[in-house]
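Visitor: Below is the file protein12.txt, with compact mmCIF, C-alpha atoms.
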# COMPACT_ATOMS: atom_id res chain seq x y z
CA MET A 18 14.74 35.23 27.56
CA LYS A 19 11.78 33.48 25.92
CA LYS A 20 13.98 30.75 24.51
CA GLN A 21 15.55 30.12 27.93
CA SER A 22 12.20 29.56 29.62
CA ILE A 23 11.05 27.21 26.86
CA ARG A 24 14.17 25.14 27.30
CA PHE A 25 13.73 24.99 31.05
CA LYS A 26 10.11 23.95 30.57
CA ASN A 27 11.19 21.14 28.23
CA TYR A 28 13.78 19.96 30.75
CA PHE A 29 11.12 19.89 33.42
CA TYR A 30 8.63 17.86 31.35
CA THR A 31 11.24 15.39 30.14
CA PHE A 32 12.54 14.89 33.67
CA THR A 33 9.05 14.42 35.15
CA LEU A 34 8.04 11.96 32.46
CA LEU A 35 11.21 9.92 32.91
CA TRP A 36 10.87 9.89 36.68
CA LEU A 37 7.26 8.72 36.46
CA LEU A 38 8.43 5.97 34.10
CA TRP A 39 11.10 4.97 36.63
CA TYR A 40 8.49 4.79 39.36
CA ALA A 41 6.26 2.66 37.14
CA PHE A 42 9.14 0.26 36.53
CA THR A 43 10.22 -0.10 40.15
CA THR A 44 6.88 0.56 41.92
CA SER A 45 8.67 1.24 45.19
CA LEU A 46 8.74 4.44 47.24
CA GLN A 47 12.03 3.85 49.11
CA PRO A 48 14.20 7.01 49.23
CA ALA A 49 17.22 5.25 47.74
CA GLU A 50 15.28 4.06 44.70
CA LEU A 51 13.72 7.47 44.15
CA THR A 52 17.11 9.21 44.41
CA VAL A 53 18.76 6.89 41.88
CA GLY A 54 15.76 7.41 39.62
CA ALA A 55 16.01 11.19 39.90
CA VAL A 56 19.74 11.19 39.09
CA LEU A 57 19.30 8.91 36.09
CA SER A 58 16.27 10.90 34.87
CA LEU A 59 18.31 14.13 35.05
CA PHE A 60 21.11 12.53 33.04
CA VAL A 61 18.79 11.09 30.36
CA ALA A 62 16.83 14.36 30.22
CA TRP A 63 20.08 16.25 29.62
CA ILE A 64 20.83 14.02 26.61
CA THR A 65 17.38 13.75 25.07
CA VAL A 66 15.72 17.12 25.77
CA LYS A 67 16.26 18.34 22.22
CA TYR A 68 14.08 15.54 20.81
CA PHE A 69 11.24 16.25 23.20
CA ASP A 70 8.46 18.22 21.56
CA CYS A 71 5.36 16.10 22.00
CA CYS A 72 3.79 17.50 25.12
CA ASP A 73 2.79 20.87 26.39
CA PRO A 74 0.59 21.93 29.33
CA ILE A 75 -1.74 23.29 26.66
CA LEU A 76 -2.67 19.67 25.99
CA ILE A 77 -4.07 19.11 29.48
CA TYR A 78 -7.04 21.45 29.02
CA PRO A 79 -10.29 19.51 29.53
CA GLY A 80 -11.54 19.94 25.97
CA ARG A 81 -8.42 18.37 24.58
CA ILE A 82 -8.61 15.43 26.97
CA VAL A 83 -12.12 14.74 25.71
CA TYR A 84 -10.75 14.70 22.16
CA PHE A 85 -7.90 12.38 23.21
CA VAL A 86 -10.38 9.93 24.72
CA GLY A 87 -12.54 10.20 21.60
CA TYR A 88 -9.46 9.57 19.45
CA PHE A 89 -8.61 6.51 21.52
CA PHE A 90 -12.04 4.98 20.94
CA VAL A 91 -12.04 5.78 17.20
CA PHE A 92 -8.59 4.18 17.02
CA LEU A 93 -9.59 1.09 19.00
CA ARG A 94 -12.61 0.52 16.79
CA ALA A 95 -10.46 0.83 13.66
CA LEU A 96 -7.83 -1.53 15.14
CA ILE A 97 -10.36 -4.26 15.90
CA LYS A 98 -11.98 -3.80 12.47
CA ALA A 99 -8.51 -4.06 10.90
CA ASN A 100 -7.86 -7.36 12.62
CA PHE A 101 -11.08 -8.94 11.44
CA ASP A 102 -10.26 -7.59 7.97
CA VAL A 103 -6.83 -9.25 8.09
CA ALA A 104 -8.39 -12.48 9.38
CA ARG A 105 -10.90 -12.47 6.52
CA ARG A 106 -8.20 -11.98 3.89
CA VAL A 107 -5.80 -14.51 5.38
CA ILE A 108 -8.32 -17.32 5.86
CA ASN A 109 -9.88 -16.89 2.38
CA PRO A 110 -8.10 -19.42 0.11
CA LYS A 111 -8.13 -17.00 -2.84
CA LEU A 112 -6.33 -14.15 -0.93
CA PRO A 113 -8.56 -11.24 -2.06
CA ILE A 114 -6.01 -8.44 -2.42
CA ASN A 115 -5.52 -5.58 -4.89
CA PRO A 116 -2.46 -3.72 -3.62
CA GLY A 117 -1.06 -0.35 -4.66
CA ILE A 118 0.76 2.66 -3.19
CA VAL A 119 -1.20 5.92 -2.98
CA LYS A 120 -0.31 9.33 -1.58
CA PHE A 121 -2.13 12.22 0.06
CA GLU A 122 -1.36 15.57 1.66
CA SER A 123 -1.91 16.03 5.37
CA LYS A 124 -2.81 19.36 6.96
CA LEU A 125 -0.98 18.67 10.23
CA HIS A 126 2.16 20.62 11.17
CA ASN A 127 3.16 19.22 14.55
CA ARG A 128 5.74 16.41 14.27
CA PHE A 129 4.25 14.37 17.08
CA ALA A 130 0.78 14.62 15.53
CA LYS A 131 2.14 13.37 12.21
CA MET A 132 3.75 10.42 13.99
CA VAL A 133 0.45 9.58 15.69
CA LEU A 134 -1.38 9.81 12.35
CA ALA A 135 1.19 7.58 10.60
CA ASN A 136 1.04 4.96 13.35
CA SER A 137 -2.76 5.01 13.35
CA ILE A 138 -2.83 4.55 9.58
CA THR A 139 -0.51 1.56 9.88
CA LEU A 140 -2.79 -0.10 12.41
CA THR A 141 -6.10 0.51 10.59
CA PRO A 142 -7.74 -1.69 7.95
CA GLY A 143 -5.63 -2.50 4.92
CA THR A 144 -3.18 0.41 5.02
CA LEU A 145 0.53 0.72 5.83
CA THR A 146 2.53 3.96 5.95
CA VAL A 147 5.59 3.54 3.73
CA ASP A 148 7.07 7.03 3.96
CA VAL A 149 6.32 10.54 5.18
CA ILE A 150 8.11 13.35 3.32
CA GLY A 151 7.14 16.77 4.62
CA ASN A 152 3.34 16.63 4.66
CA THR A 153 2.99 13.93 2.00
CA PHE A 154 2.05 10.48 3.24
CA TYR A 155 2.79 7.44 1.03
CA ILE A 156 0.47 4.59 1.90
CA HIS A 157 0.58 0.96 0.81
CA TRP A 158 -3.08 0.03 0.41
CA ILE A 159 -4.00 -3.63 0.28
CA ASP A 160 -7.30 -3.07 -1.55
CA VAL A 161 -7.13 0.14 -3.59
CA LYS A 162 -10.51 1.83 -4.01
CA GLY A 163 -9.22 4.83 -5.98
CA GLY A 164 -5.76 6.01 -6.95
CA ASP A 165 -6.17 9.80 -6.70
CA PRO A 166 -5.09 11.66 -3.53
CA GLU A 167 -8.60 12.94 -2.66
CA THR A 168 -10.17 9.49 -2.52
CA ALA A 169 -7.20 8.16 -0.56
CA TYR A 170 -7.42 11.03 1.94
CA LYS A 171 -11.17 10.51 2.41
CA GLU A 172 -10.90 6.75 2.82
CA ILE A 173 -7.75 6.53 4.95
CA ALA A 174 -6.95 9.62 6.95
CA GLU A 175 -10.06 11.70 7.45
CA PRO A 176 -11.58 10.24 10.64
CA PHE A 177 -8.24 10.50 12.47
CA GLU A 178 -7.07 13.80 11.10
CA ARG A 179 -10.35 15.53 11.92
CA ILE A 180 -9.73 14.86 15.62
CA LEU A 181 -5.96 15.51 15.51
CA LEU A 182 -6.57 18.88 13.83
CA LYS A 183 -8.83 19.83 16.73
CA ILE A 184 -6.10 18.92 19.23
CA TYR A 185 -3.02 20.26 17.46
CA GLY A 186 -4.40 22.41 14.64
CA MET B 27 -14.78 -7.73 45.87
CA GLU B 28 -14.70 -11.45 45.18
CA THR B 29 -17.23 -11.04 42.37
CA VAL B 30 -15.23 -8.22 40.81
CA LEU B 31 -12.09 -10.35 40.83
CA LEU B 32 -13.98 -13.25 39.28
CA ILE B 33 -15.36 -11.04 36.50
CA LEU B 34 -11.85 -9.66 35.87
CA HIS B 35 -10.54 -13.23 35.77
CA TYR B 36 -12.98 -14.33 33.07
CA ALA B 37 -12.53 -11.10 31.09
CA GLY B 38 -8.78 -11.74 31.22
CA LEU B 39 -9.19 -15.30 29.99
CA PHE B 40 -11.34 -14.07 27.10
CA LEU B 41 -8.72 -11.46 26.16
CA ILE B 42 -5.93 -14.06 26.30
CA LEU B 43 -7.84 -16.42 24.01
CA LEU B 44 -8.72 -13.61 21.55
CA GLY B 45 -5.14 -12.35 21.56
CA SER B 46 -3.60 -15.74 20.89
CA VAL B 47 -6.04 -16.34 18.01
CA PHE B 48 -4.98 -13.02 16.47
CA LEU B 49 -1.30 -13.84 16.97
CA PHE B 50 -1.88 -17.12 15.15
CA LEU B 51 -3.68 -15.33 12.29
CA GLY B 52 -0.85 -12.80 12.08
CA ALA B 53 1.72 -15.58 11.70
CA LEU B 54 -0.50 -17.25 9.09
CA GLY B 55 -0.66 -13.92 7.24
CA ILE B 56 3.13 -13.67 7.32
CA TYR B 57 3.30 -17.10 5.73
CA ARG B 58 0.53 -16.83 3.14
CA MET B 59 0.75 -13.30 1.74
CA PRO B 60 2.50 -13.01 -1.64
CA ASP B 61 4.94 -10.13 -1.12
CA LEU B 62 6.80 -8.30 1.62
CA TYR B 63 4.45 -5.32 1.96
CA ASN B 64 1.31 -7.44 2.27
CA ARG B 65 3.14 -9.59 4.80
CA LEU B 66 3.96 -6.48 6.81
CA GLN B 67 0.30 -5.42 6.66
CA ALA B 68 -1.01 -8.72 7.99
CA GLY B 69 1.82 -9.24 10.46
CA THR B 70 1.82 -5.80 12.06
CA LYS B 71 -1.90 -5.38 12.65
CA ALA B 72 -2.63 -8.87 13.88
CA SER B 73 0.44 -9.25 16.05
CA THR B 74 0.02 -5.81 17.62
CA LEU B 75 -3.58 -6.36 18.70
CA GLY B 76 -2.83 -9.98 19.58
CA ALA B 77 0.07 -9.17 21.88
CA MET B 78 -1.73 -6.19 23.43
CA SER B 79 -4.81 -8.26 24.16
CA THR B 80 -2.89 -11.23 25.57
CA ILE B 81 -0.78 -9.05 27.86
CA LEU B 82 -3.77 -7.02 29.08
CA GLY B 83 -5.57 -10.28 29.74
CA VAL B 84 -2.75 -11.44 32.03
CA GLY B 85 -2.88 -7.99 33.65
CA LEU B 86 -6.58 -8.43 34.42
CA ILE B 87 -6.02 -11.88 35.93
CA GLN B 88 -3.10 -10.62 38.09
CA PRO B 89 -4.13 -7.03 39.00
CA SER B 90 -0.91 -6.42 40.98
CA TRP B 91 1.13 -6.78 37.77
CA PHE B 92 -1.07 -4.37 35.85
CA ILE B 93 1.19 -1.28 35.81
CA LYS B 94 4.21 -3.00 34.27
CA LEU B 95 2.12 -4.95 31.76
CA PHE B 96 0.39 -1.71 30.78
CA ILE B 97 3.80 -0.16 30.06
CA ILE B 98 4.66 -3.12 27.82
CA VAL B 99 1.34 -2.70 25.99
CA ILE B 100 1.93 1.03 25.42
CA PHE B 101 5.44 0.33 24.20
CA ILE B 102 4.24 -2.32 21.74
CA ALA B 103 1.47 -0.03 20.47
CA LEU B 104 4.00 2.75 19.81
CA ALA B 105 6.98 0.73 18.59
CA ASN B 106 5.47 -1.98 16.40
CA PRO B 107 4.01 0.33 13.70
CA LEU B 108 7.27 2.30 13.71
CA SER B 109 9.42 -0.75 13.06
CA SER B 110 7.16 -2.00 10.27
CA HIS B 111 7.20 1.46 8.71
CA ALA B 112 11.01 1.50 8.85
CA LEU B 113 11.19 -1.95 7.29
CA ALA B 114 8.76 -1.06 4.48
CA ARG B 115 10.63 2.11 3.54
CA ALA B 116 14.04 0.45 3.77
CA SER B 117 13.11 -2.51 1.59
CA TYR B 118 11.41 -0.29 -1.00
CA LYS B 119 14.52 1.85 -1.28
CA ALA B 120 16.70 -1.27 -1.42
CA GLY B 121 14.77 -2.44 -4.49
CA VAL B 122 12.35 -5.09 -3.21
CA LYS B 123 9.53 -4.71 -5.75
CA PRO B 124 5.94 -4.74 -4.46
CA ILE B 125 3.22 -6.65 -6.29
CA ILE B 126 0.99 -3.90 -7.70
CA THR B 127 -2.28 -4.94 -9.31
CA SER B 128 -4.11 -1.62 -9.20
CA ASP B 129 -1.83 0.56 -11.40
CA THR B 130 -1.07 3.08 -8.66
CA ASP B 131 2.49 3.24 -7.34
CA GLU B 132 3.10 6.84 -6.33
CA TYR B 133 6.22 6.00 -4.35
CA ALA B 134 8.27 4.56 -7.24
CA ALA B 135 9.34 8.01 -8.45
CA VAL B 136 10.53 9.03 -4.97
CA ALA B 137 12.47 5.80 -4.48
CA ASP B 138 14.11 6.08 -7.92
CA GLU B 139 15.18 9.61 -7.11
CA ALA B 140 16.70 8.36 -3.86
CA GLY B 141 18.85 5.88 -5.80
CA ARG B 142 16.87 2.66 -5.79
CA PRO B 143 18.84 -0.10 -7.59
CA LYS B 144 17.29 -1.14 -10.91
CA THR B 145 17.98 -4.86 -10.57
CA GLU B 146 16.78 -7.13 -7.83
CA LYS B 147 19.73 -9.48 -7.86
CA ASN B 148 21.43 -8.26 -4.71
CA THR B 149 18.26 -8.46 -2.62
CA GLN B 150 18.14 -12.22 -3.10
CA THR B 151 21.30 -12.86 -1.13
CA LEU B 152 21.97 -12.79 2.60
CA MET C 3 -11.50 -23.69 32.87
CA THR C 4 -8.51 -21.43 33.46
CA ALA C 5 -6.01 -24.21 32.72
CA ILE C 6 -7.82 -25.20 29.52
CA VAL C 7 -7.90 -21.65 28.17
CA ILE C 8 -4.25 -21.02 29.04
CA ASN C 9 -3.24 -24.29 27.42
CA ILE C 10 -5.14 -23.49 24.23
CA ALA C 11 -3.58 -20.01 24.16
CA LEU C 12 -0.07 -21.44 24.64
CA MET C 13 -0.65 -23.95 21.85
CA LEU C 14 -1.86 -21.23 19.48
CA ILE C 15 1.13 -19.04 20.31
CA GLY C 16 3.50 -21.96 19.82
CA THR C 17 1.97 -22.77 16.43
CA ALA C 18 2.18 -19.10 15.48
CA ALA C 19 5.88 -19.06 16.37
CA PHE C 20 6.41 -22.19 14.26
CA ILE C 21 4.65 -20.69 11.21
CA GLY C 22 6.64 -17.47 11.61
CA LEU C 23 9.81 -19.56 11.75
CA LEU C 24 8.82 -21.26 8.47
CA ARG C 25 8.64 -17.84 6.82
CA PHE C 26 11.95 -16.92 8.44
CA VAL C 27 13.60 -20.00 6.87
CA LYS C 28 11.85 -19.61 3.50
CA GLY C 29 11.67 -15.82 2.94
CA PRO C 30 13.51 -15.09 -0.31
CA THR C 31 15.06 -11.75 0.68
CA ALA C 32 16.73 -10.47 3.82
CA ALA C 33 13.88 -8.02 4.31
CA ASP C 34 11.38 -10.89 4.42
CA ARG C 35 13.42 -12.50 7.15
CA ALA C 36 13.46 -9.21 9.05
CA VAL C 37 9.64 -9.03 8.83
CA ALA C 38 9.38 -12.59 10.13
CA SER C 39 11.79 -11.82 12.96
CA ASP C 40 9.79 -8.71 13.90
CA THR C 41 6.58 -10.71 14.18
CA LEU C 42 8.39 -13.52 15.99
CA SER C 43 9.68 -11.11 18.63
CA VAL C 44 6.15 -9.79 19.30
CA ILE C 45 4.83 -13.36 19.52
CA GLY C 46 7.70 -14.13 21.90
CA ILE C 47 6.82 -11.19 24.14
CA ALA C 48 3.21 -12.32 24.43
CA GLY C 49 4.38 -15.87 25.14
CA LEU C 50 6.79 -14.68 27.83
CA VAL C 51 4.07 -12.74 29.65
CA LEU C 52 1.76 -15.73 29.47
CA LEU C 53 4.50 -18.00 30.83
CA ALA C 54 5.17 -15.50 33.61
CA TYR C 55 1.55 -16.01 34.63
CA VAL C 56 1.78 -19.80 34.32
CA PHE C 57 4.85 -19.97 36.59
CA ARG C 58 3.63 -17.04 38.80
CA ARG C 59 7.00 -15.27 38.38
CA TYR C 60 6.68 -11.46 38.30
CA ILE C 61 10.32 -11.11 37.27
CA TYR C 62 9.66 -12.68 33.85
CA THR C 63 7.65 -9.60 32.84
CA ASP C 64 10.88 -7.58 33.09
CA LEU C 65 12.33 -9.99 30.58
CA ALA C 66 9.40 -9.34 28.24
CA LEU C 67 9.89 -5.57 28.55
CA VAL C 68 13.61 -5.78 27.82
CA TYR C 69 12.93 -8.08 24.87
CA ALA C 70 10.37 -5.60 23.51
CA VAL C 71 12.86 -2.72 23.67
CA LEU C 72 15.79 -4.68 22.25
CA GLY C 73 13.69 -6.26 19.50
CA PHE C 74 12.49 -2.82 18.39
CA ILE C 75 16.02 -1.40 18.34
CA GLY C 76 17.29 -4.45 16.48
CA ILE C 77 14.63 -4.12 13.77
CA ILE C 78 15.42 -0.41 13.35
CA VAL C 79 19.13 -1.20 12.96
CA ILE C 80 18.39 -3.95 10.40
CA ALA C 81 16.13 -1.53 8.49
CA ARG C 82 18.91 1.09 8.37
CA PHE C 83 21.32 -1.57 7.16
CA ILE C 84 18.95 -2.77 4.41
CA GLU C 85 18.28 0.81 3.29
CA ARG C 86 21.94 1.75 2.92
CA ALA C 87 24.02 -1.30 2.24
CA LEU C 88 22.05 -4.15 0.75
Please, can you express the file's structure as structure tokens?
Guide:
Amino acid sequence: MKKQSIRFKNYFYTFTLLWLLWYAFTTSLQPAELTVGAVLSLFVAWITVKYFDCCDPILIYPGRIVYFVGYFFVFLRALIKANFDVARRVINPKLPINPGIVKFESKLHNRFAKMVLANSITLTPGTLTVDVIGNTFYIHWIDVKGGDPETAYKEIAEPFERILLKIYG
Amino acid sequence: METVLLILHYAGLFLILLGSVFLFLGALGIYRMPDLYNRLQAGTKASTLGAMSTILGVGLIQPSWFIKLFIIVIFIALANPLSSHALARASYKAGVKPIITSDTDEYAAVADEAGRPKTEKNTQTL
Amino acid sequence: MTAIVINIALMLIGTAAFIGLLRFVKGPTAADRAVASDTLSVIGIAGLVLLAYVFRRYIYTDLALVYAVLGFIGIIVIARFIERAL
């Protein structure tokens, strides 16, 4: 019984998300367009519902939205810093780099949260996610400050994971 | 209303200029960096922010286009790191050696276990 | 003012595409070429949106969206191919 309701819930969220996406693409409210969109959304939802585990109504509680907005600003700041970092390294004729691949353990369990963390790490200063195996992240670091996992965790992942743990933890 | 549109217009122009400068720096990074992984680093970050900023700038200048341009921006922000991650992992497992100057390469053991070829000769072709 | 800024931006994007193309021609391994092609597709998307504004054609943004999706899928397929078969 429990499993059934979870599956129905997932169908509903996938379908709603896809239909909203359809509306954003077409931006028209004509009945014909909306009907075609609904039929196609149902079909795509039927195929892809088993991959859909990112969202839950639990995430729409106000506290979590505050954390999402906070995460967005932390991320944006890191992204802009990363770009000036890249610009500095690229323009410098001597190419100041000291690359290496480090690893650290993450405390996150949700798959979507791990994807968000990996993407954020790729877009922040001097780091690139090479692989994620279980909870171990392998990071290519353009300017290694310390090879052991604790230093890497502190320098690379902590500001993001602190917020993600509050949302998904 | 007119003033708001004018402010949006100039903000959009600023974002377009900033974005194109970052796109240029990303391409320069692709050209100048010494190995594949450093190229990915420079290319991904700079081109992601550059494209996002340019597209949002156009969206601010033409507010009626904003929804679709915002979808493109979200898609680039989600997809670009994923594709560079896939490329980095694939080329490491295929045997493209990174330049390591700091004595830490934790991933080598994992890649060797997964059957990374010892020689680099077949990565030079194609 | 607007025309000058747009022209400068188009020139920068064009130069960026040219430099990316140099790496695409030069890059010693297939993976290097894939990296260059990835960056080139993102540069192309930004250029397409900018051109859509220059010509005031809303429909060109659809082209940019489709190119974004197809470029992403193409890079993923190339990555799978490099990982297994190279």
Visitor: Near Ala135 of chain B, counting all atoms listed in the file, which residues have an atom at most 12 Å away, once you skip same-chain residues fewer than 2 positions from it, shown as a list in words?
Guide: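 The contact residues come out as Ile118, Lys120 and Tyr155 of chain A; Tyr118, Lys119, Thr130, Asp131, Glu132, Tyr133, Ala137, Asp138, Glu139, Ala140, Gly141 and Arg142 of chain B.
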Visitor: Would you list which chain C residues are within 12 Å of chain A using only C-alpha atoms, as a ChimeraX atom specification?
Guide: /C:61,63-64,67-68
Visitor: Can you work out which one of C:Ile10, C:Ala48, C:Val37, C:Leu24 has the shortest atom-to-atom distance to Ala66 of chain C, counting all atoms listed in the file?
Guide: C:Ala48
Visitor: Counting all atoms listed in the file, which residue out of A:Trp158, A:Tyr28, A:Phe85, A:Phe129 sits closest to chain B?
Guide: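 When distances to chain B are compared using all atoms listed in the file, the smallest one comes from A:Trp158.
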Visitor: Write out as CSV the residues of chain A that have any atom within 6 Å of an atom of chain B, one row each with the nearest atom pair and its distance in Å to one decimal, counting only C-alpha atoms, sorted by chain and then rising number.
Guide:
residue,atom,partner,partner_atom,distance
A:Asn100,CA,B:Ala72,CA,5.6
A:Val103,CA,B:Ala68,CA,5.8
A:Val107,CA,B:Gly55,CA,5.5
A:Asn115,CA,B:Thr127,CA,5.5
A:Pro116,CA,B:Ile126,CA,5.3
A:Gly117,CA,B:Ile126,CA,5.1
A:Ile118,CA,B:Asp131,CA,4.5
A:Val119,CA,B:Glu132,CA,5.5
A:Asn136,CA,B:Pro107,CA,5.5
A:Leu140,CA,B:Lys71,CA,5.4
A:Thr146,CA,B:His111,CA,6.0
A:Val147,CA,B:Arg115,CA,5.2
A:Gly164,CA,B:Thr130,CA,5.8
Visitor: From the list A:Ala62, A:Leu46, A:Val86, A:Ile159, which residue is nearest Lys26 of chain A when using all atoms listed in the file?
Guide: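 Among the listed residues, A:Ala62 lies closest to Lys26 of chain A.
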Visitor: Between C:Leu72, C:Val79, C:Ala32, C:Phe57, which residue has the minimum interatomic distance to chain B, considering all atoms listed in the file?
Guide: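 Of C:Leu72, C:Val79, C:Ala32, C:Phe57, the one nearest chain B, counting all atoms listed in the file, is C:Ala32.
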Visitor: Counting only C-alpha atoms, figure out which residue out of B:Leu49, B:Val30, B:Leu39, B:Met78 gets nearest to Phe20 of chain C.
Guide: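 Closest residue, counting only C-alpha atoms: B:Leu49.
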Visitor: For a quick test of understanding: name the residues of chain C lying within 7 Å of chain B when counting all atoms listed in the file, and present them as a PyMOL selection string.
Guide: chain C and resi 7+11+14-15+17-18+21-22+25+30-34+37-38+41+44-45+48+51-52+55+67+74+77-78+81-82+84-85+88
Visitor: Report, in Å with one decimal, the straight-line distance from atom CA of Leu35 of chain A to atom CA of Val61 of chain A.
Guide: 8.1 Å
Visitor: So that I can check the surroundings of Tyr40 of chain A, please list as number ranges by chain every protein, DNA and RNA residue that reaches within 9 Å of it, counting all atoms listed in the file and ignoring chain neighbours fewer than 6 positions away.
Guide: A: 46, 50-51, 54
Visitor: Deliver the residues from the most recent selection as a file, using C-alpha atoms, as a short mmCIF file (atom, residue, chain, number, x, y, z; two decimals), keeping the file's coordinate frame.
Guide:
data_model
loop_
_atom_site.label_atom_id
_atom_site.label_comp_id
_atom_site.auth_asym_id
_atom_site.auth_seq_id
_atom_site.Cartn_x
_atom_site.Cartn_y
_atom_site.Cartn_z
CA LEU A 46 8.74 4.44 47.24
CA GLU A 50 15.28 4.06 44.70
CA LEU A 51 13.72 7.47 44.15
CA GLY A 54 15.76 7.41 39.62
#
Visitor: In Å, with one decimal, what is the gap from atom CA of Arg81 of chain A to atom CA of Ile180 of chain A?
Guide: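 Between atom CA of Arg81 of chain A and atom CA of Ile180 of chain A the gap is 9.7 Å.
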Visitor: Counting only C-alpha atoms, which residues come within 6 Å of (15.3, -8.2, 12.8), with the point read in the file's coordinates, and could you list them as a list in words?
Guide: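 Within 6 Å of (15.3, -8.2, 12.8), the protein and nucleic acid residues are Ala36, Ser39, Asp40, Gly76, Ile77 and Ile80 of chain C.
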Visitor: Go through A:Ile64, A:Leu96, A:Leu59, A:Val161 and flag the residue nearest Phe32 of chain A, using all atoms listed in the file for the distances.
Guide: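 Counting all atoms listed in the file, the residue closest to Phe32 of chain A is A:Leu59.
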Visitor: Hey, can you check how far atom CA of Ser137 of chain A sits from atom CA of Phe92 of chain A?
Guide: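 Calculated distance between atom CA of Ser137 of chain A and atom CA of Phe92 of chain A is 6.9 Å.
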Visitor: Could I see segment 36-41 of chain C restored to all heavy atoms, set down as an mmCIF file, in the frame of the given file?
Guide:
data_model
loop_
_atom_site.group_PDB
_atom_site.id
_atom_site.type_symbol
_atom_site.label_atom_id
_atom_site.label_comp_id
_atom_site.auth_asym_id
_atom_site.auth_seq_id
_atom_site.Cartn_x
_atom_site.Cartn_y
_atom_site.Cartn_z
ATOM 1 N N ALA C 36 13.596 -10.230 8.000
ATOM 2 C CA ALA C 36 13.460 -9.210 9.050
ATOM 3 C C ALA C 36 12.006 -9.071 9.464
ATOM 4 O O ALA C 36 11.701 -8.942 10.659
ATOM 5 C CB ALA C 36 14.014 -7.879 8.556
ATOM 6 N N VAL C 37 11.073 -9.105 8.490
ATOM 7 C CA VAL C 37 9.640 -9.030 8.830
ATOM 8 C C VAL C 37 9.255 -10.202 9.714
ATOM 9 O O VAL C 37 8.585 -10.035 10.743
ATOM 10 C CB VAL C 37 8.798 -9.039 7.527
ATOM 11 C CG1 VAL C 37 7.332 -9.158 7.865
ATOM 12 C CG2 VAL C 37 9.045 -7.796 6.736
ATOM 13 N N ALA C 38 9.712 -11.409 9.323
ATOM 14 C CA ALA C 38 9.380 -12.590 10.130
ATOM 15 C C ALA C 38 9.950 -12.453 11.529
ATOM 16 O O ALA C 38 9.281 -12.769 12.511
ATOM 17 C CB ALA C 38 9.913 -13.842 9.455
ATOM 18 N N SER C 39 11.178 -11.929 11.632
ATOM 19 C CA SER C 39 11.790 -11.820 12.960
ATOM 20 C C SER C 39 11.065 -10.793 13.820
ATOM 21 O O SER C 39 10.925 -10.965 15.042
ATOM 22 C CB SER C 39 13.266 -11.499 12.787
ATOM 23 O OG SER C 39 13.636 -10.433 13.575
ATOM 24 N N ASP C 40 10.576 -9.721 13.176
ATOM 25 C CA ASP C 40 9.790 -8.710 13.900
ATOM 26 C C ASP C 40 8.548 -9.341 14.513
ATOM 27 O O ASP C 40 8.277 -9.209 15.712
ATOM 28 C CB ASP C 40 9.422 -7.594 12.920
ATOM 29 C CG ASP C 40 8.725 -6.445 13.596
ATOM 30 O OD1 ASP C 40 8.960 -6.265 14.798
ATOM 31 O OD2 ASP C 40 7.963 -5.735 12.934
ATOM 32 N N THR C 41 7.791 -10.060 13.667
ATOM 33 C CA THR C 41 6.580 -10.710 14.180
ATOM 34 C C THR C 41 6.917 -11.749 15.234
ATOM 35 O O THR C 41 6.226 -11.860 16.250
ATOM 36 C CB THR C 41 5.819 -11.359 13.026
ATOM 37 O OG1 THR C 41 5.656 -10.390 12.002
ATOM 38 C CG2 THR C 41 4.476 -11.844 13.470
#
